[in-house]
Amino acid sequence: MKQFFKFFTASCLGVFAAIALIFLVGMLMVSMAASKDTTVASNSVLKLDLGRVIPEKSGNVKTDFMDLEAAEAIGLRDLKRVIRNAATDDNIEGIMLTHKDVSLGQATIKSIVDELNAFKETDKFIYAYGDYYGQSAYFINSTADSIFLNPNGMVDVKGYATMIPFFKEGMDKLGVKFDIFYAGNFKSATEPYRRNDMSEPNKLQTRTFLDGMLDVFQEQITTARGFDEATLDAIMNDYKGINAKSALAANLVDELLFWDDLQDKLRAKLDIKENGEIDFIDLEKYKSKITLTEDGPRDSRVAIVYAEGTVGYGTDEKGSITDKKYMEIFEKIRANKKIKAVVLRVNSGGGSALTSDIIHKEIAHLKSDGIPVVSSFGDYAASGGYYIAANSDTIVSMPNTLTGSIGVFSMMPNARELANDKLGVHFDTVRTHQNAIMMSPFLEMSPKQKAMLQSETDAIYDQFLKIVAEGRGMTIEETHAIAQGRVWTGTAGKEIGLVDVIGDLEDAIKIAGNMAGLDEWKIKEYPSIKKEWYEDILKGLNEGSSTQALIPNDDLSRALIKDYSELKSIMEMQGPQCRMPYIYKFD
């Protein structure tokens with residue numbers, strides 16, 4: 001009997017605890033839904049720290065259940081709309097830029113810079129403060145009316161460069177070789193596994209697009225700071241931002257002071273009494289207090305399809321471009337008679353050739369149904385990223401987008417020597433047909449098998465050329481001359497016919513609306529982002545935060561997760577790849 005009461009009591013307590021937990025969670029969610037505060041204090045300053053992940057579409061990133069202090073993954077378009085709202089908000093007096101490092105693509109940075117420059121056309125101010133500035137952070141902060149730097153800081157402006165590791169000699173010593181098949185003299189993705197240095201074509205393309213990146217950077221800095229290009233070149237060559245005093249003397253910044261001193265300046269500017277509190281409002285809180293409306297008639301819509309991340313096959317992760325997910329998206333669009341035009345927003349260095357071709361066919365179906373399709377390029381629209389956009393009616397690119405890379409490669413590790421000679425592990429086979437075991441890392445491929453794989457790689461390249469030629473109104477020969485895996489900037493892409501218009505996403509939307517004969521339209525965005533079950537709970541635990549797509553809030557975690565995701569996509573490669581040659585990072 002004692003055991004009965006013991007278990008009975010325990011069971012009851014468990015049930016009561018579960019009911020209590022459900023009740024508390026329910027009350028929390030109800031209270032959050034009913035308690036949105038839309039009040040922005042007068043005389044506020046919008047505080048922007050852009051040292052964060054900024055996807056193309058808000059929330060289109062992998063979520064982290066365990067990180068209770070994560071920041072919201074606000075997308076680029078929403079970020080720009082928030083800044084635009086602040087420009088007309090009587091309660092916002094100005095913007096305070098506080099980031100010192102940013103890990104954003106150059107086209108994303110240029111888009112933010114353009115929006116901040118538009119903000120400056122009002123009578124509101126932009127200030128920037130940092131303990132130091134990385135080059136990309138300085139690119140953004142150059143928009144400020146005044147740039148302030150910690151007296152012990154630096155401005156790390158020294159130009160653009162890339163450094164590529166080569167593994168061939170190391171792999172040879174380990175006894176691992178690679179059977180590599182590629183099409184295009186500039187398709188350099190496989191060079192680290194077949195060379196010990198950069199080929200001349202690779203050096204040429206890298207030098208060319210780095211110069212293109214520099215041109216966009218120089219245009220902003222020289223205009224904002226009143227330099228000529230020769231002066232800025234000297235600043236970078238002599239590394240005059242190496243310390244705060246040198247940076248001030250070179251006019252990279254306006255004043256050296258500590259954060260407390262800057263707040264005194266702000267109080268004077270905002271007419272706040274000495275030691276009075278400044279009403280800083282951060283990006284997440286401000287976004288939660290405003291409504292980013294999409295005006296326009298409900299029966300005339302322009303759909304934005306965000307294609308960002310690696311082009312993969314068979315997965316369904318946020319921030320990736322996959323066959324199943326995007327086929328469903330385009331099916332929904334074709335079934336929705338309210339959608340009159342589509343903008344394909346591409347930010348991808350490519351990936352699976354199979355999925356790229358599937359999405360290409362979906363774009364063709366839209367066009368055959370009479371729906372105009374305009375592609376808009378972000379940081380990358382290269383290889384498979386260009387493939388999916390090639391037959392758009394119009395292609396719009398940022399000037400410093402990396403695009404092109406029209407080429408194909410396949411790669412197979414050969415660890416036979418490692419296994420046999422280094423580890424003493426041997427393999428033997430019994431097979432009914434000669435190709436029954438064809439792509440094992442522990443067996444040598446025959447010359448016939450290697451020829452077969454090279455032939456398949458060439459066939460996919462020929463198909464890629466045909467798709468681009470038809471989409472861009474070129475001959476195969478003309479396309480091949482600018483293809484061969486070569487990477488171009490958006491500006492260069494326009495000169496050679498890969499791009500039609502230099503502009504941003506908003507320009508692409510206007511072009512799409514006009515092509516559909518619309519005077520007004522409402523925006524419909526894809527993919528739809530499903531909120532994770534725990535987000536509302538964690539939102540309540542983060543006072544003052546908005547509904548969140550949770551991502552790590554510290555620089556190291558963000559960098560490690562990004563590197564892991566990129567490595568994971570490489571390790572999961574299946575079949576021939578239409579992929580960027582390298583992962584380019586600009587600090």
# chains A, B, ... in the order shown; residues from 1 in each chain; ligands from 1

$ residues_around --residues "Gly296 (chain A)" --least-positions-apart "2" --cutoff "9 Å" --atoms "only C-alpha atoms" --output "PyMOL selection string"
chain A and resi 294+298-301+520-523

$ write_last_selection --atoms "N, CA and C atoms" --output "CSV table (one decimal), in the first residue's frame"
chain,number,residue,atom,x,y,z
A,294,GLU,N,3.5,46.8,-46.3
A,294,GLU,CA,3.6,46.7,-47.8
A,294,GLU,C,2.3,47.2,-48.4
A,298,ARG,N,-4.1,44.1,-53.1
A,298,ARG,CA,-3.9,42.7,-52.8
A,298,ARG,C,-4.0,41.8,-54.0
A,299,ASP,N,-4.7,42.2,-55.1
A,299,ASP,CA,-4.8,41.3,-56.2
A,299,ASP,C,-3.8,41.6,-57.3
A,300,SER,N,-2.8,42.4,-57.0
A,300,SER,CA,-1.6,42.6,-57.9
A,300,SER,C,-0.4,42.6,-57.1
A,301,ARG,N,0.3,41.4,-57.1
A,301,ARG,CA,1.4,41.2,-56.3
A,301,ARG,C,2.7,40.9,-57.1
A,520,GLU,N,0.8,49.8,-59.3
A,520,GLU,CA,1.0,49.6,-57.9
A,520,GLU,C,1.0,48.1,-57.7
A,521,TRP,N,1.6,47.7,-56.6
A,521,TRP,CA,1.6,46.2,-56.3
A,521,TRP,C,1.9,46.0,-54.8
A,522,LYS,N,1.6,44.8,-54.4
A,522,LYS,CA,1.9,44.4,-53.0
A,522,LYS,C,3.0,43.3,-53.1
A,523,ILE,N,3.9,43.3,-52.1
A,523,ILE,CA,5.0,42.3,-52.1
A,523,ILE,C,4.6,41.0,-51.4

$ residues_around --residues "Ala234 (chain A)" --least-positions-apart "5" --cutoff "12 Å" --atoms "only C-alpha atoms" --output "PyMOL selection string"
chain A and resi 157-159+227-229+239-241+250

$ closest_residue --among "A:Glu93, A:Glu417, A:Asp211, A:Asp179" --to "Thr489 (chain A)" --atoms "only C-alpha atoms"
A:Asp211

$ closest_residue --among "A:Gly471, A:Gly485, A:Gly75, A:Gly350" --to "Gly184 (chain A)" --atoms "only C-alpha atoms"
A:Gly485

$ closest_atom_pairs --of "region 345-388 of chain A" --to "region 497-515 of chain A" --cutoff "10 Å" --atoms "only C-alpha atoms" --output "tab-separated table"
residue	atom	partner	partner_atom	distance
A:Arg345	CA	A:Leu505	CA	7.3
A:Val346	CA	A:Leu505	CA	9.9
A:Ile371	CA	A:Met515	CA	9.1
A:Pro372	CA	A:Met515	CA	6.6
A:Val373	CA	A:Ala512	CA	6.8
A:Val374	CA	A:Ala512	CA	5.9
A:Ser375	CA	A:Ala508	CA	7.0
A:Ser376	CA	A:Leu505	CA	5.7
A:Phe377	CA	A:Asp504	CA	7.6
A:Gly378	CA	A:Asp504	CA	8.0
A:Tyr386	CA	A:Leu498	CA	9.1

$ write_last_selection --atoms "N, CA and C atoms" --output "short mmCIF file (atom, residue, chain, number, x, y, z; two decimals), in the first residue's frame"
data_model
loop_
_atom_site.label_atom_id
_atom_site.label_comp_id
_atom_site.auth_asym_id
_atom_site.auth_seq_id
_atom_site.Cartn_x
_atom_site.Cartn_y
_atom_site.Cartn_z
N ARG A 345 15.74 36.83 -55.95
CA ARG A 345 16.86 37.46 -55.27
C ARG A 345 17.92 36.42 -54.99
N VAL A 346 19.05 36.50 -55.68
CA VAL A 346 20.08 35.47 -55.61
C VAL A 346 21.26 35.95 -54.78
N ILE A 371 4.44 35.08 -66.73
CA ILE A 371 4.87 35.83 -65.54
C ILE A 371 6.30 36.32 -65.75
N PRO A 372 6.52 37.63 -65.81
CA PRO A 372 7.89 38.13 -65.99
C PRO A 372 8.75 37.81 -64.77
N VAL A 373 10.01 37.49 -65.02
CA VAL A 373 10.95 37.15 -63.95
C VAL A 373 12.18 38.05 -64.05
N VAL A 374 12.46 38.75 -62.97
CA VAL A 374 13.64 39.60 -62.88
C VAL A 374 14.53 39.05 -61.78
N SER A 375 15.82 38.89 -62.06
CA SER A 375 16.75 38.43 -61.04
C SER A 375 17.52 39.60 -60.46
N SER A 376 17.70 39.57 -59.15
CA SER A 376 18.45 40.59 -58.43
C SER A 376 19.59 39.90 -57.71
N PHE A 377 20.83 40.39 -57.91
CA PHE A 377 22.01 39.74 -57.36
C PHE A 377 22.49 40.44 -56.10
N GLY A 378 22.82 39.64 -55.06
CA GLY A 378 23.40 40.16 -53.83
C GLY A 378 24.91 40.02 -53.84
N TYR A 386 24.38 31.72 -60.75
CA TYR A 386 24.08 32.37 -62.03
C TYR A 386 23.20 31.48 -62.89
#

$ closest_residue --among "A:Asn420, A:Gln218, A:Ser356, A:Gln263" --to "Tyr138 (chain A)" --atoms "only C-alpha atoms"
A:Gln218

$ residues_around --residues "Ala381 (chain A)" --least-positions-apart "6" --cutoff "6 Å" --atoms "only C-alpha atoms" --output "ChimeraX atom specification"
/A:346-349,403

$ select_by_dssp --residues "region 138-230 of chain A" --states "helix (DSSP H, G or I)" --output "MDAnalysis selection string"
chainID A and resid 138:141 168:174 188:194 200:225 229:230

$ write_last_selection --atoms "C-alpha atoms" --output "PDB file, in the first residue's frame"
ATOM      1  CA  TYR A 138      34.857  51.552 -41.915  1.00  0.00           C
ATOM      2  CA  PHE A 139      33.223  51.170 -45.346  1.00  0.00           C
ATOM      3  CA  ILE A 140      29.822  51.452 -43.639  1.00  0.00           C
ATOM      4  CA  ASN A 141      30.853  54.022 -41.039  1.00  0.00           C
ATOM      5  CA  LYS A 168      48.542  19.119 -53.116  1.00  0.00           C
ATOM      6  CA  GLU A 169      52.032  18.609 -51.700  1.00  0.00           C
ATOM      7  CA  GLY A 170      50.664  17.831 -48.259  1.00  0.00           C
ATOM      8  CA  MET A 171      48.159  15.376 -49.688  1.00  0.00           C
ATOM      9  CA  ASP A 172      50.922  13.749 -51.763  1.00  0.00           C
ATOM     10  CA  LYS A 173      52.945  13.194 -48.603  1.00  0.00           C
ATOM     11  CA  LEU A 174      49.925  11.615 -46.936  1.00  0.00           C
ATOM     12  CA  SER A 188      39.872  27.270 -60.086  1.00  0.00           C
ATOM     13  CA  ALA A 189      37.905  25.528 -57.334  1.00  0.00           C
ATOM     14  CA  THR A 190      40.050  22.413 -57.775  1.00  0.00           C
ATOM     15  CA  GLU A 191      43.434  24.172 -57.945  1.00  0.00           C
ATOM     16  CA  PRO A 192      44.334  23.642 -54.260  1.00  0.00           C
ATOM     17  CA  TYR A 193      44.173  19.879 -54.891  1.00  0.00           C
ATOM     18  CA  ARG A 194      46.066  19.770 -58.190  1.00  0.00           C
ATOM     19  CA  GLU A 200      47.918  32.573 -64.290  1.00  0.00           C
ATOM     20  CA  PRO A 201      44.213  32.614 -65.324  1.00  0.00           C
ATOM     21  CA  ASN A 202      43.244  32.437 -61.656  1.00  0.00           C
ATOM     22  CA  LYS A 203      45.589  35.287 -60.764  1.00  0.00           C
ATOM     23  CA  LEU A 204      44.142  37.341 -63.601  1.00  0.00           C
ATOM     24  CA  GLN A 205      40.518  36.884 -62.546  1.00  0.00           C
ATOM     25  CA  THR A 206      41.338  37.444 -58.871  1.00  0.00           C
ATOM     26  CA  ARG A 207      43.271  40.640 -59.580  1.00  0.00           C
ATOM     27  CA  THR A 208      40.449  41.891 -61.796  1.00  0.00           C
ATOM     28  CA  PHE A 209      37.632  41.402 -59.323  1.00  0.00           C
ATOM     29  CA  LEU A 210      39.689  42.678 -56.365  1.00  0.00           C
ATOM     30  CA  ASP A 211      40.288  45.864 -58.377  1.00  0.00           C
ATOM     31  CA  GLY A 212      36.529  46.020 -58.977  1.00  0.00           C
ATOM     32  CA  MET A 213      35.845  45.702 -55.241  1.00  0.00           C
ATOM     33  CA  LEU A 214      38.413  48.415 -54.561  1.00  0.00           C
ATOM     34  CA  ASP A 215      36.766  50.769 -57.060  1.00  0.00           C
ATOM     35  CA  VAL A 216      33.443  50.633 -55.180  1.00  0.00           C
ATOM     36  CA  PHE A 217      35.180  51.099 -51.814  1.00  0.00           C
ATOM     37  CA  GLN A 218      37.270  54.011 -53.083  1.00  0.00           C
ATOM     38  CA  GLU A 219      34.270  55.779 -54.579  1.00  0.00           C
ATOM     39  CA  GLN A 220      32.493  55.794 -51.220  1.00  0.00           C
ATOM     40  CA  ILE A 221      35.495  56.741 -49.080  1.00  0.00           C
ATOM     41  CA  THR A 222      36.836  59.481 -51.343  1.00  0.00           C
ATOM     42  CA  THR A 223      33.388  61.062 -51.657  1.00  0.00           C
ATOM     43  CA  ALA A 224      32.601  60.812 -47.945  1.00  0.00           C
ATOM     44  CA  ARG A 225      35.999  61.938 -46.639  1.00  0.00           C
ATOM     45  CA  GLU A 229      42.179  58.344 -55.076  1.00  0.00           C
ATOM     46  CA  ALA A 230      45.910  59.021 -54.878  1.00  0.00           C
TER      47      ALA A 230
END

$ atom_distance --atom1 "CA of Asp260 (chain A)" --atom2 "CA of Phe119 (chain A)"
25.7 Å

$ atom_distance --atom1 "CA of Ser383 (chain A)" --atom2 "CA of Trp488 (chain A)"
10.9 Å

$ atom_distance --atom1 "CA of Ser405 (chain A)" --atom2 "CA of Phe186 (chain A)"
7.8 Å

$ residues_around --residues "Met452 (chain A)" --least-positions-apart "4" --cutoff "12 Å" --atoms "only C-alpha atoms" --output "PyMOL selection string"
chain A and resi 181+410+435+438-439+445-448+456-459

$ residues_around --residues "Phe125 (chain A)" --least-positions-apart "3" --cutoff "9 Å" --atoms "only C-alpha atoms" --output "PyMOL selection string"
chain A and resi 93-96+119-120+122+144-146

$ select_by_dssp --residues "region 155-376 of chain A" --states "strand (DSSP E or B)" --output "mmCIF file with N, CA and C atoms, in the first residue's frame"
data_model
loop_
_atom_site.group_PDB
_atom_site.id
_atom_site.type_symbol
_atom_site.label_atom_id
_atom_site.label_comp_id
_atom_site.auth_asym_id
_atom_site.auth_seq_id
_atom_site.Cartn_x
_atom_site.Cartn_y
_atom_site.Cartn_z
ATOM 1 N N VAL A 155 42.368 52.174 -37.429
ATOM 2 C CA VAL A 155 41.491 52.007 -38.586
ATOM 3 C C VAL A 155 42.210 51.082 -39.557
ATOM 4 N N ASP A 156 41.719 49.859 -39.666
ATOM 5 C CA ASP A 156 42.430 48.800 -40.396
ATOM 6 C C ASP A 156 42.101 48.847 -41.890
ATOM 7 N N LYS A 177 45.612 11.394 -53.321
ATOM 8 C CA LYS A 177 45.566 12.151 -54.573
ATOM 9 C C LYS A 177 44.101 12.397 -54.918
ATOM 10 N N PHE A 178 43.874 13.282 -55.879
ATOM 11 C CA PHE A 178 42.510 13.572 -56.295
ATOM 12 C C PHE A 178 42.376 13.378 -57.800
ATOM 13 N N ASP A 179 41.348 12.647 -58.185
ATOM 14 C CA ASP A 179 40.963 12.586 -59.592
ATOM 15 C C ASP A 179 40.023 13.750 -59.838
ATOM 16 N N ILE A 180 40.466 14.665 -60.684
ATOM 17 C CA ILE A 180 39.766 15.936 -60.847
ATOM 18 C C ILE A 180 39.327 16.098 -62.292
ATOM 19 N N PHE A 181 38.089 16.543 -62.459
ATOM 20 C CA PHE A 181 37.513 16.759 -63.779
ATOM 21 C C PHE A 181 36.859 18.137 -63.767
ATOM 22 N N TYR A 182 37.271 18.990 -64.682
ATOM 23 C CA TYR A 182 36.715 20.344 -64.691
ATOM 24 C C TYR A 182 36.626 20.860 -66.111
ATOM 25 N N ALA A 183 35.754 21.845 -66.286
ATOM 26 C CA ALA A 183 35.577 22.485 -67.590
ATOM 27 C C ALA A 183 35.698 23.991 -67.397
ATOM 28 N N GLU A 255 37.652 62.742 -34.742
ATOM 29 C CA GLU A 255 38.050 63.099 -33.382
ATOM 30 C C GLU A 255 38.356 61.824 -32.600
ATOM 31 N N LEU A 256 39.336 61.939 -31.681
ATOM 32 C CA LEU A 256 39.676 60.835 -30.800
ATOM 33 C C LEU A 256 39.088 61.114 -29.427
ATOM 34 N N PHE A 280 18.837 55.736 -26.368
ATOM 35 C CA PHE A 280 19.271 54.873 -27.456
ATOM 36 C C PHE A 280 18.234 53.769 -27.642
ATOM 37 N N ILE A 281 17.919 53.460 -28.868
ATOM 38 C CA ILE A 281 17.033 52.338 -29.155
ATOM 39 C C ILE A 281 17.711 51.464 -30.202
ATOM 40 N N ASP A 282 17.873 50.177 -29.887
ATOM 41 C CA ASP A 282 18.601 49.314 -30.808
ATOM 42 C C ASP A 282 17.696 48.820 -31.930
ATOM 43 N N ARG A 301 0.296 41.428 -57.142
ATOM 44 C CA ARG A 301 1.440 41.193 -56.270
ATOM 45 C C ARG A 301 2.708 40.902 -57.073
ATOM 46 N N VAL A 302 3.817 41.335 -56.505
ATOM 47 C CA VAL A 302 5.128 40.956 -57.004
ATOM 48 C C VAL A 302 5.744 40.044 -55.954
ATOM 49 N N ALA A 303 6.094 38.844 -56.348
ATOM 50 C CA ALA A 303 6.695 37.880 -55.421
ATOM 51 C C ALA A 303 8.205 38.038 -55.423
ATOM 52 N N ILE A 304 8.795 38.050 -54.235
ATOM 53 C CA ILE A 304 10.247 37.993 -54.100
ATOM 54 C C ILE A 304 10.601 36.588 -53.615
ATOM 55 N N VAL A 305 11.375 35.883 -54.403
ATOM 56 C CA VAL A 305 11.845 34.551 -54.015
ATOM 57 C C VAL A 305 13.317 34.691 -53.634
ATOM 58 N N TYR A 306 13.603 34.530 -52.355
ATOM 59 C CA TYR A 306 14.974 34.660 -51.869
ATOM 60 C C TYR A 306 15.697 33.336 -52.061
ATOM 61 N N ALA A 307 16.709 33.345 -52.902
ATOM 62 C CA ALA A 307 17.537 32.158 -53.140
ATOM 63 C C ALA A 307 18.912 32.448 -52.566
ATOM 64 N N GLU A 308 19.093 32.135 -51.284
ATOM 65 C CA GLU A 308 20.360 32.442 -50.619
ATOM 66 C C GLU A 308 20.940 31.188 -49.991
ATOM 67 N N VAL A 311 23.506 25.917 -53.005
ATOM 68 C CA VAL A 311 22.544 25.137 -53.783
ATOM 69 C C VAL A 311 22.787 23.665 -53.447
ATOM 70 N N GLY A 312 21.835 23.066 -52.752
ATOM 71 C CA GLY A 312 21.996 21.687 -52.297
ATOM 72 C C GLY A 312 20.917 20.785 -52.860
ATOM 73 N N ILE A 321 19.352 26.544 -50.646
ATOM 74 C CA ILE A 321 18.537 26.476 -51.862
ATOM 75 C C ILE A 321 18.451 25.010 -52.252
ATOM 76 N N THR A 322 17.282 24.404 -52.098
ATOM 77 C CA THR A 322 17.155 22.975 -52.334
ATOM 78 C C THR A 322 16.051 22.694 -53.345
ATOM 79 N N ILE A 339 -0.351 36.886 -58.193
ATOM 80 C CA ILE A 339 1.059 37.202 -58.453
ATOM 81 C C ILE A 339 1.253 37.469 -59.940
ATOM 82 N N LYS A 340 1.690 38.681 -60.247
ATOM 83 C CA LYS A 340 1.834 39.116 -61.635
ATOM 84 C C LYS A 340 3.283 39.151 -62.113
ATOM 85 N N ALA A 341 4.246 39.123 -61.176
ATOM 86 C CA ALA A 341 5.661 39.161 -61.547
ATOM 87 C C ALA A 341 6.473 38.565 -60.413
ATOM 88 N N VAL A 342 7.682 38.109 -60.745
ATOM 89 C CA VAL A 342 8.558 37.471 -59.755
ATOM 90 C C VAL A 342 9.937 38.111 -59.805
ATOM 91 N N VAL A 343 10.476 38.380 -58.627
ATOM 92 C CA VAL A 343 11.872 38.792 -58.492
ATOM 93 C C VAL A 343 12.615 37.661 -57.795
ATOM 94 N N LEU A 344 13.616 37.120 -58.455
ATOM 95 C CA LEU A 344 14.467 36.086 -57.876
ATOM 96 C C LEU A 344 15.687 36.778 -57.280
ATOM 97 N N ARG A 345 15.739 36.826 -55.954
ATOM 98 C CA ARG A 345 16.860 37.465 -55.266
ATOM 99 C C ARG A 345 17.922 36.416 -54.988
ATOM 100 N N VAL A 346 19.047 36.503 -55.675
ATOM 101 C CA VAL A 346 20.081 35.467 -55.610
ATOM 102 C C VAL A 346 21.264 35.953 -54.776
ATOM 103 N N ASN A 347 21.614 35.174 -53.775
ATOM 104 C CA ASN A 347 22.850 35.397 -53.032
ATOM 105 C C ASN A 347 23.467 34.029 -52.776
ATOM 106 N N SER A 348 24.146 33.500 -53.777
ATOM 107 C CA SER A 348 24.649 32.131 -53.721
ATOM 108 C C SER A 348 25.864 31.961 -54.613
ATOM 109 N N GLY A 350 26.551 28.973 -55.570
ATOM 110 C CA GLY A 350 26.237 27.769 -56.325
ATOM 111 C C GLY A 350 26.335 26.506 -55.501
ATOM 112 N N GLY A 351 26.455 25.390 -56.200
ATOM 113 C CA GLY A 351 26.483 24.080 -55.554
ATOM 114 C C GLY A 351 26.045 23.017 -56.543
ATOM 115 N N SER A 352 25.016 22.273 -56.196
ATOM 116 C CA SER A 352 24.564 21.139 -56.991
ATOM 117 C C SER A 352 24.117 21.556 -58.390
ATOM 118 N N VAL A 373 10.013 37.495 -65.020
ATOM 119 C CA VAL A 373 10.948 37.147 -63.946
ATOM 120 C C VAL A 373 12.177 38.054 -64.049
ATOM 121 N N VAL A 374 12.464 38.749 -62.967
ATOM 122 C CA VAL A 374 13.644 39.602 -62.878
ATOM 123 C C VAL A 374 14.530 39.050 -61.778
ATOM 124 N N SER A 375 15.817 38.889 -62.064
ATOM 125 C CA SER A 375 16.750 38.426 -61.040
ATOM 126 C C SER A 375 17.518 39.604 -60.463
ATOM 127 N N SER A 376 17.696 39.571 -59.151
ATOM 128 C CA SER A 376 18.454 40.591 -58.433
ATOM 129 C C SER A 376 19.593 39.898 -57.714
#

$ decode --residues "region 107-141 of chain A" --atoms "C-alpha atoms" --output "short mmCIF file (atom, residue, chain, number, x, y, z; two decimals), in the first residue's frame"
data_model
loop_
_atom_site.label_atom_id
_atom_site.label_comp_id
_atom_site.auth_asym_id
_atom_site.auth_seq_id
_atom_site.Cartn_x
_atom_site.Cartn_y
_atom_site.Cartn_z
CA ALA A 107 27.36 43.97 -52.06
CA THR A 108 25.40 43.81 -48.78
CA ILE A 109 27.65 46.53 -47.38
CA LYS A 110 27.18 48.68 -50.48
CA SER A 111 23.41 48.32 -50.18
CA ILE A 112 23.50 49.43 -46.52
CA VAL A 113 25.84 52.31 -47.38
CA ASP A 114 23.43 53.52 -50.06
CA GLU A 115 20.55 53.46 -47.55
CA LEU A 116 22.53 55.37 -44.94
CA ASN A 117 23.56 57.95 -47.53
CA ALA A 118 19.87 58.41 -48.37
CA PHE A 119 19.16 58.85 -44.63
CA LYS A 120 21.69 61.70 -44.58
CA GLU A 121 19.58 63.63 -47.08
CA THR A 122 17.27 64.42 -44.16
CA ASP A 123 18.31 66.91 -41.48
CA LYS A 124 19.15 64.04 -39.14
CA PHE A 125 22.67 63.08 -38.11
CA ILE A 126 24.74 59.92 -38.33
CA TYR A 127 27.60 59.42 -35.86
CA ALA A 128 30.01 56.50 -35.75
CA TYR A 129 32.03 55.33 -32.78
CA GLY A 130 34.42 52.42 -32.36
CA ASP A 131 37.31 51.23 -30.26
CA TYR A 132 38.76 50.30 -33.64
CA TYR A 133 37.45 49.80 -37.20
CA GLY A 134 37.93 46.88 -39.52
CA GLN A 135 37.95 47.77 -43.21
CA SER A 136 34.39 46.61 -43.91
CA ALA A 137 33.13 48.37 -40.77
CA TYR A 138 34.86 51.55 -41.91
CA PHE A 139 33.22 51.17 -45.35
CA ILE A 140 29.82 51.45 -43.64
CA ASN A 141 30.85 54.02 -41.04
#
